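File shown: coords.cif. Contents: mmCIF, C-alpha atoms.
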data_model
loop_
_atom_site.label_atom_id
_atom_site.label_comp_id
_atom_site.auth_asym_id
_atom_site.auth_seq_id
_atom_site.Cartn_x
_atom_site.Cartn_y
_atom_site.Cartn_z
CA MET G 1 56.33 37.57 184.33
CA LEU G 2 58.32 40.21 186.14
CA MET G 3 61.59 38.57 185.25
CA VAL G 4 60.70 38.32 181.57
CA CYS G 5 59.93 42.00 181.45
CA ALA G 6 63.21 42.91 183.06
CA GLY G 7 65.17 40.71 180.68
CA THR G 8 63.61 42.29 177.66
CA THR G 9 64.42 45.74 178.93
CA MET G 10 68.09 45.00 179.58
CA SER G 11 68.61 43.43 176.19
CA ALA G 12 67.07 46.33 174.31
CA GLN G 13 69.26 48.87 176.05
CA THR G 14 72.56 47.07 175.63
CA LEU G 15 73.05 47.91 171.97
CA ASP G 16 71.61 50.66 169.84
CA ILE G 17 72.16 52.32 166.50
CA SER G 18 70.60 55.62 165.50
CA SER G 19 71.06 58.72 163.46
CA GLY G 20 74.30 60.51 164.21
CA GLY G 21 73.24 63.86 162.86
CA GLN G 22 72.24 65.57 159.66
CA PRO G 23 73.44 63.75 156.51
CA THR G 24 75.03 65.94 153.83
CA ILE G 25 75.41 65.70 150.06
CA THR G 26 77.83 67.50 147.76
CA GLY G 27 78.45 67.44 144.03
CA ALA G 28 74.94 66.36 143.18
CA LEU G 29 72.88 67.40 140.18
CA GLY G 30 69.26 67.06 141.17
CA GLY G 31 70.12 64.90 144.15
CA SER G 32 69.21 65.06 147.82
CA VAL G 33 69.58 63.33 151.14
CA THR G 34 67.01 63.15 153.89
CA GLY G 35 67.46 61.97 157.44
CA SER G 36 67.01 63.18 160.96
CA ALA G 37 69.50 65.61 162.46
CA SER G 38 68.71 64.30 165.93
CA VAL G 39 70.99 61.68 167.45
CA GLN G 40 67.94 60.45 169.33
CA SER G 41 66.15 59.43 166.14
CA ASP G 42 66.30 56.12 164.35
CA LEU G 43 68.71 55.78 161.44
CA VAL G 44 66.47 56.10 158.40
CA VAL G 45 68.22 57.87 155.55
CA THR G 46 67.21 58.28 151.94
CA ILE G 47 69.86 59.27 149.42
CA ASN G 48 69.11 60.40 145.90
CA PHE G 49 72.44 60.73 144.15
CA GLY G 50 70.67 62.48 141.29
CA GLU G 51 72.17 62.54 137.83
CA VAL G 52 75.41 60.57 137.59
CA SER G 53 75.88 60.65 133.83
CA PRO G 54 78.51 63.05 132.41
CA ALA G 55 75.77 65.68 132.45
CA ASN G 56 76.84 66.09 136.07
CA THR G 57 80.17 67.83 135.66
CA ASN G 58 81.15 67.55 139.30
CA SER G 59 84.05 65.22 139.97
CA VAL G 60 82.14 63.18 142.52
CA VAL G 61 78.80 62.98 144.30
CA LYS G 62 79.55 62.49 147.96
CA VAL G 63 77.16 61.74 150.81
CA VAL G 64 78.19 61.67 154.46
CA VAL G 65 75.80 59.93 156.84
CA PRO G 66 76.64 60.25 160.55
CA VAL G 67 75.74 57.08 162.43
CA ALA G 68 75.45 56.95 166.23
CA VAL G 69 76.14 53.75 168.16
CA ARG G 70 75.60 52.98 171.82
CA SER G 71 76.45 49.88 173.82
CA LEU G 72 77.16 48.64 177.28
CA VAL G 73 79.22 45.75 175.95
CA PRO G 74 81.82 45.31 173.23
CA TYR G 75 80.08 45.66 169.92
CA ARG G 76 80.39 45.19 166.20
CA VAL G 77 78.65 46.95 163.34
CA SER G 78 77.94 45.11 160.12
CA VAL G 79 76.29 46.11 156.88
CA SER G 80 74.25 44.17 154.37
CA LEU G 81 73.21 45.24 150.91
CA ALA G 82 70.02 44.68 148.97
CA GLY G 83 69.29 45.77 145.42
CA LEU G 84 71.71 46.69 142.67
CA GLY G 85 71.39 44.08 139.98
CA ASN G 86 72.30 45.74 136.74
CA ALA G 87 72.84 43.12 134.04
CA ASN G 88 74.51 45.62 131.73
CA PRO G 89 78.19 45.80 132.69
CA GLN G 90 78.20 49.41 131.54
CA GLY G 91 75.38 50.21 133.91
CA LEU G 92 75.90 51.32 137.49
CA GLN G 93 77.42 48.39 139.35
CA SER G 94 78.08 47.79 143.05
CA SER G 95 81.74 48.57 142.43
CA ASP G 96 80.74 52.03 141.19
CA ILE G 97 79.42 53.11 144.58
CA GLY G 98 82.27 53.93 146.88
CA PHE G 99 81.62 53.16 150.53
CA GLY G 100 83.83 53.82 153.51
CA VAL G 101 83.66 54.64 157.21
CA ALA G 102 85.73 57.09 159.16
CA ASN G 103 85.88 59.70 161.89
CA MET G 104 84.87 57.86 165.06
CA ARG G 105 84.19 60.41 167.79
CA ALA G 106 82.65 60.47 171.22
CA MET G 107 79.26 62.08 171.54
CA GLY G 108 79.88 63.63 174.95
CA ASN G 109 80.49 63.19 178.62
CA GLN G 110 78.45 60.02 178.88
CA SER G 111 80.54 58.29 176.23
CA GLN G 112 82.79 55.57 177.56
CA ILE G 113 86.47 56.28 177.00
CA CYS G 114 88.31 52.98 176.85
CA THR G 115 92.08 52.99 177.07
CA GLN G 116 92.80 49.31 176.52
CA SER G 117 90.98 48.79 173.25
CA SER G 118 90.32 50.84 170.16
CA HIS G 119 87.37 51.24 167.89
CA ILE G 120 88.50 49.59 164.69
CA PHE G 121 87.25 50.32 161.19
CA TYR G 122 87.73 47.14 159.20
CA PRO G 123 89.69 47.29 155.97
CA PRO G 124 89.05 47.89 153.19
CA PHE G 125 86.29 50.17 154.47
CA ASN G 126 88.58 52.37 156.58
CA ASN G 127 88.76 55.23 154.10
CA ASP G 128 87.01 58.16 152.53
CA PRO G 129 86.20 56.82 149.06
CA ALA G 130 86.22 60.32 147.64
CA SER G 131 89.90 60.53 148.52
CA THR G 132 90.98 57.05 147.51
CA ALA G 133 89.32 56.78 144.10
CA THR G 134 91.58 55.84 141.22
CA ILE G 135 91.22 55.21 137.50
CA ALA G 136 91.48 51.54 136.63
CA ALA G 137 93.21 50.25 133.52
CA ASN G 138 89.90 50.18 131.67
CA GLY G 139 89.33 53.84 132.44
CA ARG G 140 86.58 53.25 134.99
CA VAL G 141 86.78 54.72 138.47
CA ALA G 142 87.75 52.23 141.18
CA TYR G 143 87.53 52.63 144.94
CA GLN G 144 89.50 51.19 147.81
CA SER G 145 86.16 49.99 149.10
CA SER G 146 82.76 49.90 147.50
CA PHE G 147 79.49 48.04 147.70
CA SER G 148 81.20 45.21 145.86
CA ASN G 149 83.12 44.50 149.07
CA ILE G 150 79.90 43.76 150.93
CA ALA G 151 78.99 40.09 151.00
CA GLY G 152 76.17 39.12 153.31
CA ALA G 153 76.55 40.73 156.71
CA THR G 154 79.96 42.33 156.50
CA VAL G 155 81.59 43.71 159.62
CA ILE G 156 82.87 47.25 159.20
CA LEU G 157 83.52 48.29 162.79
CA SER G 158 84.02 46.84 166.26
CA GLY G 159 85.26 48.00 169.61
CA PRO G 160 84.78 48.20 173.37
CA ARG G 161 81.66 49.44 175.15
CA LEU G 162 80.49 52.83 174.00
CA GLN G 163 78.58 54.34 176.89
CA LYS G 164 79.26 54.65 180.61
CA THR G 165 75.88 53.84 182.06
CA PRO G 166 72.56 52.42 180.93
CA ASN G 167 69.92 54.88 179.88
CA LEU G 168 66.27 54.24 179.31
CA THR G 169 66.27 56.51 176.32
CA ARG G 170 68.88 57.75 173.90
CA GLN G 171 70.84 60.67 175.21
CA GLN G 172 72.72 63.24 173.17
CA THR G 173 76.03 62.46 174.84
CA ASP G 174 76.03 58.75 175.60
CA GLY G 175 77.69 57.00 172.65
CA TYR G 176 79.87 57.44 169.62
CA ILE G 177 79.32 58.69 166.10
CA PHE G 178 81.07 57.63 162.92
CA ASP G 179 80.64 58.76 159.33
CA ALA G 180 79.42 56.41 156.63
CA ILE G 181 80.61 57.88 153.33
CA PHE G 182 79.06 57.10 149.96
CA THR G 183 80.37 58.29 146.59
CA ILE G 184 79.54 57.98 142.93
CA THR G 185 81.75 59.47 140.25
CA PRO G 186 79.65 60.60 137.27
CA GLN G 187 80.60 58.50 134.28
CA TYR G 188 79.31 57.29 130.92
CA PHE G 189 77.16 54.68 132.61
CA ALA G 190 74.43 53.05 130.59
CA ALA G 191 71.21 54.98 131.03
CA GLY G 192 68.78 53.84 133.67
CA THR G 193 67.85 54.13 137.31
CA THR G 194 69.40 52.22 140.17
CA SER G 195 68.37 51.69 143.75
CA ALA G 196 69.78 49.85 146.75
CA THR G 197 69.33 49.58 150.48
CA LEU G 198 72.15 49.32 152.96
CA THR G 199 71.27 48.04 156.42
CA PHE G 200 73.50 48.76 159.39
CA THR G 201 73.28 46.29 162.27
CA ILE G 202 74.86 46.54 165.69
CA SER G 203 75.44 43.38 167.70
CA ALA G 204 77.61 42.09 170.52
CA GLY G 205 81.18 42.01 169.34
CA PRO G 206 84.48 40.39 170.20
CA ILE G 207 85.25 40.53 173.90
CA VAL G 208 87.81 43.24 174.41
CA PRO G 209 88.86 45.06 177.57
CA CYS G 210 87.89 48.62 178.08
CA MET D 1 35.74 36.84 197.36
CA ASN D 2 35.93 39.54 200.04
CA THR D 3 36.96 43.17 199.50
CA LYS D 4 40.47 42.76 200.97
CA THR D 5 41.25 39.83 198.75
CA THR D 6 40.05 41.72 195.70
CA ARG D 7 42.40 44.68 196.47
CA VAL D 8 45.39 42.37 196.84
CA ILE D 9 44.68 40.71 193.51
CA THR D 10 44.19 44.05 191.86
CA ARG D 11 47.54 45.36 193.16
CA ALA D 12 49.23 42.15 192.18
CA LEU D 13 47.99 42.49 188.62
CA LEU D 14 48.66 46.20 188.36
CA PHE D 15 52.34 46.02 189.28
CA PRO D 16 53.52 43.67 186.54
CA THR D 17 51.26 45.43 184.08
CA LEU D 18 53.02 48.71 184.76
CA LEU D 19 56.39 47.05 184.44
CA LEU D 20 55.35 45.57 181.11
CA VAL D 21 54.40 48.98 179.77
CA PHE D 22 57.72 50.32 181.00
CA ALA D 23 59.61 47.53 179.31
CA VAL D 24 57.89 48.14 175.98
CA SER D 25 58.67 51.83 176.23
CA ALA D 26 62.37 51.20 176.81
CA SER D 27 62.48 48.70 174.00
CA ALA D 28 61.16 51.28 171.54
CA GLN D 29 64.20 53.48 172.18
CA ALA D 30 66.75 50.88 171.16
CA GLN D 31 67.29 49.80 167.58
CA LEU D 32 69.71 47.19 166.39
CA THR D 33 69.41 48.21 162.75
CA GLY D 34 69.27 51.33 160.64
CA THR D 35 68.74 51.71 156.92
CA VAL D 36 70.11 53.88 154.15
CA ASN D 37 68.07 53.78 150.95
CA MET D 38 69.80 54.97 147.81
CA SER D 39 68.88 55.78 144.24
CA ALA D 40 70.66 57.28 141.26
CA THR D 41 69.76 58.22 137.73
CA VAL D 42 71.75 57.95 134.54
CA SER D 43 70.25 59.84 131.64
CA LYS D 44 71.23 59.42 128.03
CA PHE D 45 74.14 61.68 127.28
CA VAL D 46 75.73 62.70 124.00
CA GLU D 47 78.16 65.39 123.04
CA ILE D 48 80.06 66.66 120.02
CA ASN D 49 83.28 68.57 120.22
CA SER D 50 86.14 69.51 118.02
CA GLY D 51 88.50 66.68 117.33
CA GLY D 52 91.42 69.01 116.72
CA ALA D 53 92.94 71.31 114.13
CA ILE D 54 91.32 71.78 110.73
CA THR D 55 93.21 70.91 107.55
CA LEU D 56 92.70 73.17 104.53
CA THR D 57 94.24 72.13 101.22
CA GLY D 58 94.10 73.29 97.62
CA ASN D 59 93.19 76.78 98.59
CA SER D 60 94.31 79.97 96.91
CA GLY D 61 94.22 82.62 99.57
CA GLY D 62 91.88 82.04 102.45
CA GLY D 63 92.75 80.03 105.51
CA VAL D 64 91.38 78.74 108.76
CA THR D 65 90.04 81.79 110.55
CA THR D 66 88.94 80.04 113.74
CA ASP D 67 90.53 76.69 114.20
CA GLY D 68 89.18 73.71 116.07
CA VAL D 69 90.63 72.91 119.49
CA ALA D 70 90.43 69.30 120.52
CA ASN D 71 87.78 68.53 123.14
CA ASN D 72 86.38 72.02 122.99
CA PRO D 73 83.06 73.07 121.51
CA LEU D 74 83.12 73.09 117.75
CA ALA D 75 82.91 76.66 116.46
CA ALA D 76 85.20 76.78 113.47
CA GLN D 77 85.38 79.35 110.71
CA ILE D 78 87.07 78.69 107.38
CA ASN D 79 87.81 80.95 104.42
CA LEU D 80 88.03 78.70 101.38
CA GLY D 81 89.68 81.46 99.39
CA GLU D 82 89.39 81.79 95.63
CA LEU D 83 87.05 79.28 94.00
CA GLY D 84 87.21 80.62 90.46
CA PRO D 85 89.36 79.15 87.69
CA SER D 86 92.33 81.18 88.88
CA ASN D 87 92.68 78.55 91.54
CA THR D 88 94.25 75.77 89.54
CA ASN D 89 93.98 73.12 92.21
CA SER D 90 91.53 70.36 91.50
CA PHE D 91 89.71 70.84 94.80
CA VAL D 92 89.69 73.13 97.79
CA THR D 93 89.20 70.78 100.70
CA ALA D 94 88.61 71.43 104.38
CA SER D 95 88.76 68.53 106.79
CA VAL D 96 87.16 69.28 110.15
CA PRO D 97 87.86 66.70 112.87
CA LEU D 98 84.85 65.85 115.01
CA LYS D 99 84.77 64.01 118.30
CA LEU D 100 81.60 62.34 119.51
CA ARG D 101 80.93 60.75 122.88
CA SER D 102 77.85 59.08 124.25
CA ASN D 103 76.54 56.59 126.77
CA ALA D 104 73.80 55.49 124.39
CA ASN D 105 73.19 54.92 120.70
CA TYR D 106 73.57 58.18 118.85
CA VAL D 107 72.50 59.97 115.69
CA LEU D 108 74.66 62.66 114.10
CA SER D 109 72.64 65.03 111.97
CA MET D 110 73.70 67.96 109.88
CA ASN D 111 71.96 70.99 108.50
CA ALA D 112 73.61 73.30 105.97
CA THR D 113 72.73 76.53 104.23
CA VAL D 114 74.62 77.97 101.29
CA THR D 115 74.14 81.60 100.40
CA SER D 116 75.80 83.23 97.38
CA SER D 117 75.69 86.83 96.24
CA GLY D 118 75.31 85.87 92.60
CA SER D 119 72.07 86.04 90.72
CA THR D 120 72.32 83.29 88.13
CA ALA D 121 72.37 79.53 88.08
CA ASN D 122 76.13 79.75 87.76
CA LYS D 123 76.59 81.00 91.29
CA ILE D 124 77.85 78.59 93.88
CA GLY D 125 74.96 76.56 95.21
CA SER D 126 74.59 73.91 97.86
CA ALA D 127 75.14 71.17 95.29
CA ASP D 128 78.55 72.66 94.49
CA VAL D 129 79.83 72.08 98.00
CA GLY D 130 80.87 68.52 98.47
CA PHE D 131 80.52 66.87 101.82
CA GLY D 132 81.21 63.56 103.44
CA LEU D 133 82.30 61.96 106.65
CA GLY D 134 85.65 60.21 106.48
CA THR D 135 86.96 57.21 108.29
CA VAL D 136 85.41 56.61 111.69
CA THR D 137 87.74 55.54 114.48
CA ARG D 138 86.89 54.25 117.93
CA VAL D 139 90.22 54.03 119.68
CA GLY D 140 91.49 54.44 123.21
CA THR D 141 90.88 53.48 126.78
CA GLY D 142 87.25 53.70 127.73
CA VAL D 143 85.94 53.66 124.18
CA ASN D 144 83.40 51.05 123.15
CA THR D 145 85.58 49.72 120.35
CA ALA D 146 83.10 46.98 119.56
CA GLY D 147 80.43 49.49 118.66
CA THR D 148 79.58 49.93 115.00
CA ASP D 149 78.68 53.02 113.04
CA THR D 150 76.74 53.64 109.87
CA ASN D 151 78.02 56.43 107.69
CA ALA D 152 75.14 57.80 105.64
CA THR D 153 77.46 59.85 103.47
CA SER D 154 79.72 58.63 100.70
CA GLY D 155 82.93 59.56 102.45
CA ASP D 156 85.52 61.93 101.04
CA PRO D 157 83.63 63.91 98.38
CA THR D 158 86.77 64.34 96.30
CA LEU D 159 87.04 60.63 95.64
CA ALA D 160 86.70 59.84 91.96
CA GLY D 161 83.65 57.71 92.53
CA ASN D 162 81.76 60.46 94.32
CA GLY D 163 81.57 62.99 91.51
CA SER D 164 82.35 63.86 87.95
CA VAL D 165 81.92 66.45 85.24
CA ASN D 166 78.41 66.46 83.87
CA ALA D 167 78.71 65.42 80.25
CA VAL D 168 75.95 67.79 79.19
CA SER D 169 76.46 70.90 81.32
CA GLY D 170 80.17 70.50 81.91
CA ARG D 171 79.70 71.47 85.52
CA TYR D 172 81.37 69.33 88.14
CA GLU D 173 78.78 67.51 90.20
CA TYR D 174 78.93 65.50 93.38
CA THR D 175 76.75 62.58 92.40
CA ALA D 176 77.07 60.02 95.16
CA ALA D 177 74.50 59.71 97.92
CA ASN D 178 74.63 62.51 100.45
CA SER D 179 77.84 63.80 98.91
CA ASN D 180 76.94 67.49 98.73
CA LEU D 181 75.18 70.01 100.90
CA SER D 182 71.95 69.99 98.92
CA ALA D 183 71.15 66.76 100.73
CA PHE D 184 71.37 68.58 104.02
CA SER D 185 69.19 71.61 103.46
CA ALA D 186 67.12 70.24 106.33
CA SER D 187 68.49 68.37 109.31
CA THR D 188 69.52 65.00 107.95
CA THR D 189 71.24 62.02 109.46
CA ALA D 190 74.87 61.84 108.47
CA MET D 191 75.86 58.99 110.73
CA ASN D 192 74.52 56.86 113.55
CA GLY D 193 75.84 54.13 115.72
CA ALA D 194 76.14 52.30 118.99
CA ARG D 195 77.11 53.81 122.30
CA ILE D 196 80.56 55.28 122.09
CA MET D 197 81.93 55.29 125.61
CA ASN D 198 82.15 52.63 128.24
CA ALA D 199 81.54 53.62 131.86
CA VAL D 200 84.39 56.08 132.32
CA PRO D 201 84.47 59.65 133.63
CA ARG D 202 84.08 62.62 131.37
CA THR D 203 87.68 63.54 132.10
CA ASN D 204 88.62 60.67 129.82
CA THR D 205 89.22 62.52 126.56
CA ASN D 206 88.86 59.61 124.17
CA GLY D 207 85.90 59.19 121.89
CA LEU D 208 84.75 58.56 118.36
CA ALA D 209 86.76 60.54 115.83
CA VAL D 210 85.57 61.31 112.33
CA PRO D 211 86.54 64.04 109.88
CA ALA D 212 83.85 66.10 108.23
CA ILE D 213 85.18 66.83 104.76
CA PHE D 214 84.01 69.75 102.69
CA SER D 215 85.19 70.44 99.16
CA VAL D 216 84.60 72.81 96.27
CA LYS D 217 85.81 72.24 92.75
CA PRO D 218 87.11 75.57 91.38
CA GLN D 219 85.08 76.38 88.31
CA PHE D 220 83.78 79.31 86.25
CA PHE D 221 81.26 80.16 88.95
CA GLU D 222 79.53 83.50 88.81
CA ASP D 223 81.68 85.98 90.66
CA GLY D 224 80.63 86.96 94.13
CA SER D 225 80.92 85.74 97.67
CA THR D 226 79.46 82.67 99.26
CA THR D 227 78.71 81.77 102.83
CA VAL D 228 78.26 78.18 103.98
CA ALA D 229 76.83 77.58 107.45
CA VAL D 230 76.85 74.04 108.78
CA THR D 231 75.39 72.84 112.06
CA PHE D 232 76.09 69.39 113.47
CA THR D 233 73.72 67.95 116.03
CA VAL D 234 74.10 64.73 117.94
CA THR D 235 71.18 63.14 119.69
CA ALA D 236 70.36 59.94 121.55
CA PRO D 237 66.97 58.78 120.33
#
Is it possible to express this structure as structure tokens?
Amino acid sequence: MLMVCAGTTMSAQTLDISSGGQPTITGALGGSVTGSASVQSDLVVTINFGEVSPANTNSVVKVVVPVAVRSLVPYRVSVSLAGLGNANPQGLQSSDIGFGVANMRAMGNQSQICTQSSHIFYPPFNNDPASTATIAANGRVAYQSSFSNIAGATVILSGPRLQKTPNLTRQQTDGYIFDAIFTITPQYFAAGTTSATLTFTISAGPIVPC
Amino acid sequence: MNTKTTRVITRALLFPTLLLVFAVSASAQAQLTGTVNMSATVSKFVEINSGGAITLTGNSGGGVTTDGVANNPLAAQINLGELGPSNTNSFVTASVPLKLRSNANYVLSMNATVTSSGSTANKIGSADVGFGLGTVTRVGTGVNTAGTDTNATSGDPTLAGNGSVNAVSGRYEYTAANSNLSAFSASTTAMNGARIMNAVPRTNTNGLAVPAIFSVKPQFFEDGSTTVAVTFTVTAP
């Protein structure tokens, strides 16, 4: 019984994903984003992009969600998507929601600095979709990476261990933070409402030296 | 069971129990997943703008006072000039390009008022001002070219089939359906159709183009001045 308890404890502390700070939204008309500003809180974010018809005259609605990750072993972060099933091709599609990851940074002095391996954002997600958006031949906005690039559990990030020492609870300085960036360009989409859920999962990753 | 034995058992049970509580507490701090829930709204959207410069023909004097500027709000002002018999042209015609855009089915309505300074039945009235919507075009990248439109007017009011001289009164009359402004004294549908734009940004300047054509046949109208005020409204029912 003692050994089982110890095993459970070790496993739970090895990998962790949480809020990386206060999410922000810009360019929204009637939109909002809610989530904890504390890096010690779970990652539970709700984004309302608001109005994304041409009534929103901003060039893009952009949401930046900081995500904190902690691990004692090499890790990978994957995402999976649920929702978004608009049968009307002129409605909001998965390809209309830009999604990228960027800006990996250490949280503080308990973050593990590895010199032999890098934290790698996987293409095509290694971009700020607000900066890489283009107009396709049909006139619709296209992104380097969007929700249409997510199929099942799709790896977006991996790297070496993230924290120096085990901690029983999340600290403010013991991991790394990256930005998950979401964008929608207001367009003449077919009228309606759309919802989706993106789940981030951290797991043991490829073995790489630190 | 003696007292000593009972204490040993109690300690033995207490220790793992404490560890179990500790383990559960640590587990609650680590999460392998996080979620981002998203929603967005697309409301019906329609707009009408100028489709470009106005064309005025057959006028004697007058001119376009405030011209249309493509893709800008429509706020044109036209002086039709002389409409008495001294103007020997068959019609004074103003063609006002309109541009419509929508992400839903639309209805274009028009409301017109005609006010003349004269005091007799020979003054210019709303029935003396011909009106019609010309050829509708859906062209360009991002335009729903497969969409269809229903023009409730009879087109160019100067077409021979849309009017003639009344055999009894001798006055020229626009006789076709919705071919003069008397049909639009209240807000009345001039055209409707399917969604105009595909999913493209508003910076795309294409759209549905249609000219609104106004005409007056110079005649022996009672002398005076006339003001015609026309308001176009597009809605998405």
Point out the residue among G:Ala87, G:Leu81, G:Cys114, G:Val73 with the least atom-to-atom distance to chain D, counting only C-alpha atoms.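 Once distances to chain D are computed over only C-alpha atoms, the minimum belongs to G:Leu81.
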Applied to the shown file, which residues does the PyMOL selection byres ((chain D and resi 119-123) around 9) return, written as a VMD selection string? chain D and resid 116 to 118 124 to 125 220 to 224 226
Considering all atoms listed in the file, extract the chain G residues located within 6 Å of chain D and return them as a ChimeraX atom specification. /G:2,5,9,12-13,16-17,43-54,90,138-140,168-169,187-202
Gap from atom CA of Thr231 of chain D to atom CA of Asn111 of chain D - Å, one decimal: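 Taking atom CA of Thr231 of chain D as the start and atom CA of Asn111 of chain D as the end point, the length is 5.3 Å.
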Name the residues in contact with segment 172-186 of chain D at a cut-off of 10 Å, using all atoms listed in the file, excluding same-chain residues fewer than 6 positions from it; report them as a PDB file with C-alpha atoms, keeping the file's coordinate frame.
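Everything below was put into selection-v5.pdb:
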ATOM      1  CA  SER D 109      72.640  65.030 111.970  1.00  0.00           C
ATOM      2  CA  MET D 110      73.700  67.960 109.880  1.00  0.00           C
ATOM      3  CA  ASN D 111      71.960  70.990 108.500  1.00  0.00           C
ATOM      4  CA  ALA D 112      73.610  73.300 105.970  1.00  0.00           C
ATOM      5  CA  THR D 113      72.730  76.530 104.230  1.00  0.00           C
ATOM      6  CA  VAL D 114      74.620  77.970 101.290  1.00  0.00           C
ATOM      7  CA  GLY D 125      74.960  76.560  95.210  1.00  0.00           C
ATOM      8  CA  SER D 126      74.590  73.910  97.860  1.00  0.00           C
ATOM      9  CA  ALA D 127      75.140  71.170  95.290  1.00  0.00           C
ATOM     10  CA  ASP D 128      78.550  72.660  94.490  1.00  0.00           C
ATOM     11  CA  VAL D 129      79.830  72.080  98.000  1.00  0.00           C
ATOM     12  CA  GLY D 130      80.870  68.520  98.470  1.00  0.00           C
ATOM     13  CA  PHE D 131      80.520  66.870 101.820  1.00  0.00           C
ATOM     14  CA  GLY D 132      81.210  63.560 103.440  1.00  0.00           C
ATOM     15  CA  LEU D 133      82.300  61.960 106.650  1.00  0.00           C
ATOM     16  CA  ALA D 152      75.140  57.800 105.640  1.00  0.00           C
ATOM     17  CA  THR D 153      77.460  59.850 103.470  1.00  0.00           C
ATOM     18  CA  SER D 154      79.720  58.630 100.700  1.00  0.00           C
ATOM     19  CA  GLY D 155      82.930  59.560 102.450  1.00  0.00           C
ATOM     20  CA  ASP D 156      85.520  61.930 101.040  1.00  0.00           C
ATOM     21  CA  PRO D 157      83.630  63.910  98.380  1.00  0.00           C
ATOM     22  CA  THR D 158      86.770  64.340  96.300  1.00  0.00           C
ATOM     23  CA  LEU D 159      87.040  60.630  95.640  1.00  0.00           C
ATOM     24  CA  ALA D 160      86.700  59.840  91.960  1.00  0.00           C
ATOM     25  CA  GLY D 161      83.650  57.710  92.530  1.00  0.00           C
ATOM     26  CA  ASN D 162      81.760  60.460  94.320  1.00  0.00           C
ATOM     27  CA  GLY D 163      81.570  62.990  91.510  1.00  0.00           C
ATOM     28  CA  SER D 164      82.350  63.860  87.950  1.00  0.00           C
ATOM     29  CA  VAL D 165      81.920  66.450  85.240  1.00  0.00           C
ATOM     30  CA  ASN D 166      78.410  66.460  83.870  1.00  0.00           C
ATOM     31  CA  ILE D 213      85.180  66.830 104.760  1.00  0.00           C
ATOM     32  CA  PHE D 214      84.010  69.750 102.690  1.00  0.00           C
ATOM     33  CA  SER D 215      85.190  70.440  99.160  1.00  0.00           C
ATOM     34  CA  VAL D 216      84.600  72.810  96.270  1.00  0.00           C
ATOM     35  CA  LYS D 217      85.810  72.240  92.750  1.00  0.00           C
ATOM     36  CA  PRO D 218      87.110  75.570  91.380  1.00  0.00           C
ATOM     37  CA  GLN D 219      85.080  76.380  88.310  1.00  0.00           C
ATOM     38  CA  VAL D 228      78.260  78.180 103.980  1.00  0.00           C
ATOM     39  CA  VAL D 230      76.850  74.040 108.780  1.00  0.00           C
ATOM     40  CA  THR D 231      75.390  72.840 112.060  1.00  0.00           C
TER      41      THR D 231
END
For this file, the PyMOL selection byres ((chain G and resi 69) around 9) selects which residues, as a PyMOL selection string? chain G and resi 15-20+67-68+70-71+77+162+174-178+202
Is it possible to add N, CA and C atoms to segment 105-115 of chain G and hand it back as a PDB file, in the frame of the given file?
ATOM      1  N   ARG G 105      84.023  59.388 166.746  1.00  0.00           N
ATOM      2  CA  ARG G 105      84.190  60.410 167.790  1.00  0.00           C
ATOM      3  C   ARG G 105      83.142  60.211 168.887  1.00  0.00           C
ATOM      4  N   ALA G 106      83.547  60.589 170.083  1.00  0.00           N
ATOM      5  CA  ALA G 106      82.650  60.470 171.220  1.00  0.00           C
ATOM      6  C   ALA G 106      81.561  61.526 171.142  1.00  0.00           C
ATOM      7  N   MET G 107      80.376  61.126 171.599  1.00  0.00           N
ATOM      8  CA  MET G 107      79.260  62.080 171.540  1.00  0.00           C
ATOM      9  C   MET G 107      79.334  63.097 172.677  1.00  0.00           C
ATOM     10  N   GLY G 108      79.858  62.683 173.837  1.00  0.00           N
ATOM     11  CA  GLY G 108      79.880  63.630 174.950  1.00  0.00           C
ATOM     12  C   GLY G 108      80.326  62.981 176.222  1.00  0.00           C
ATOM     13  N   ASN G 109      79.950  63.600 177.332  1.00  0.00           N
ATOM     14  CA  ASN G 109      80.490  63.190 178.620  1.00  0.00           C
ATOM     15  C   ASN G 109      79.931  61.869 179.140  1.00  0.00           C
ATOM     16  N   GLN G 110      78.942  61.336 178.486  1.00  0.00           N
ATOM     17  CA  GLN G 110      78.450  60.020 178.880  1.00  0.00           C
ATOM     18  C   GLN G 110      79.030  58.906 177.995  1.00  0.00           C
ATOM     19  N   SER G 111      79.886  59.287 177.076  1.00  0.00           N
ATOM     20  CA  SER G 111      80.540  58.290 176.230  1.00  0.00           C
ATOM     21  C   SER G 111      81.644  57.618 177.036  1.00  0.00           C
ATOM     22  N   GLN G 112      81.771  56.321 176.845  1.00  0.00           N
ATOM     23  CA  GLN G 112      82.790  55.570 177.560  1.00  0.00           C
ATOM     24  C   GLN G 112      84.133  55.720 176.853  1.00  0.00           C
ATOM     25  N   ILE G 113      85.128  56.195 177.559  1.00  0.00           N
ATOM     26  CA  ILE G 113      86.470  56.280 177.000  1.00  0.00           C
ATOM     27  C   ILE G 113      87.235  55.046 177.459  1.00  0.00           C
ATOM     28  N   CYS G 114      87.563  54.190 176.534  1.00  0.00           N
ATOM     29  CA  CYS G 114      88.310  52.980 176.850  1.00  0.00           C
ATOM     30  C   CYS G 114      89.770  53.171 176.448  1.00  0.00           C
ATOM     31  N   THR G 115      90.646  52.791 177.334  1.00  0.00           N
ATOM     32  CA  THR G 115      92.080  52.990 177.070  1.00  0.00           C
ATOM     33  C   THR G 115      92.787  51.704 176.646  1.00  0.00           C
TER      34      THR G 115
END
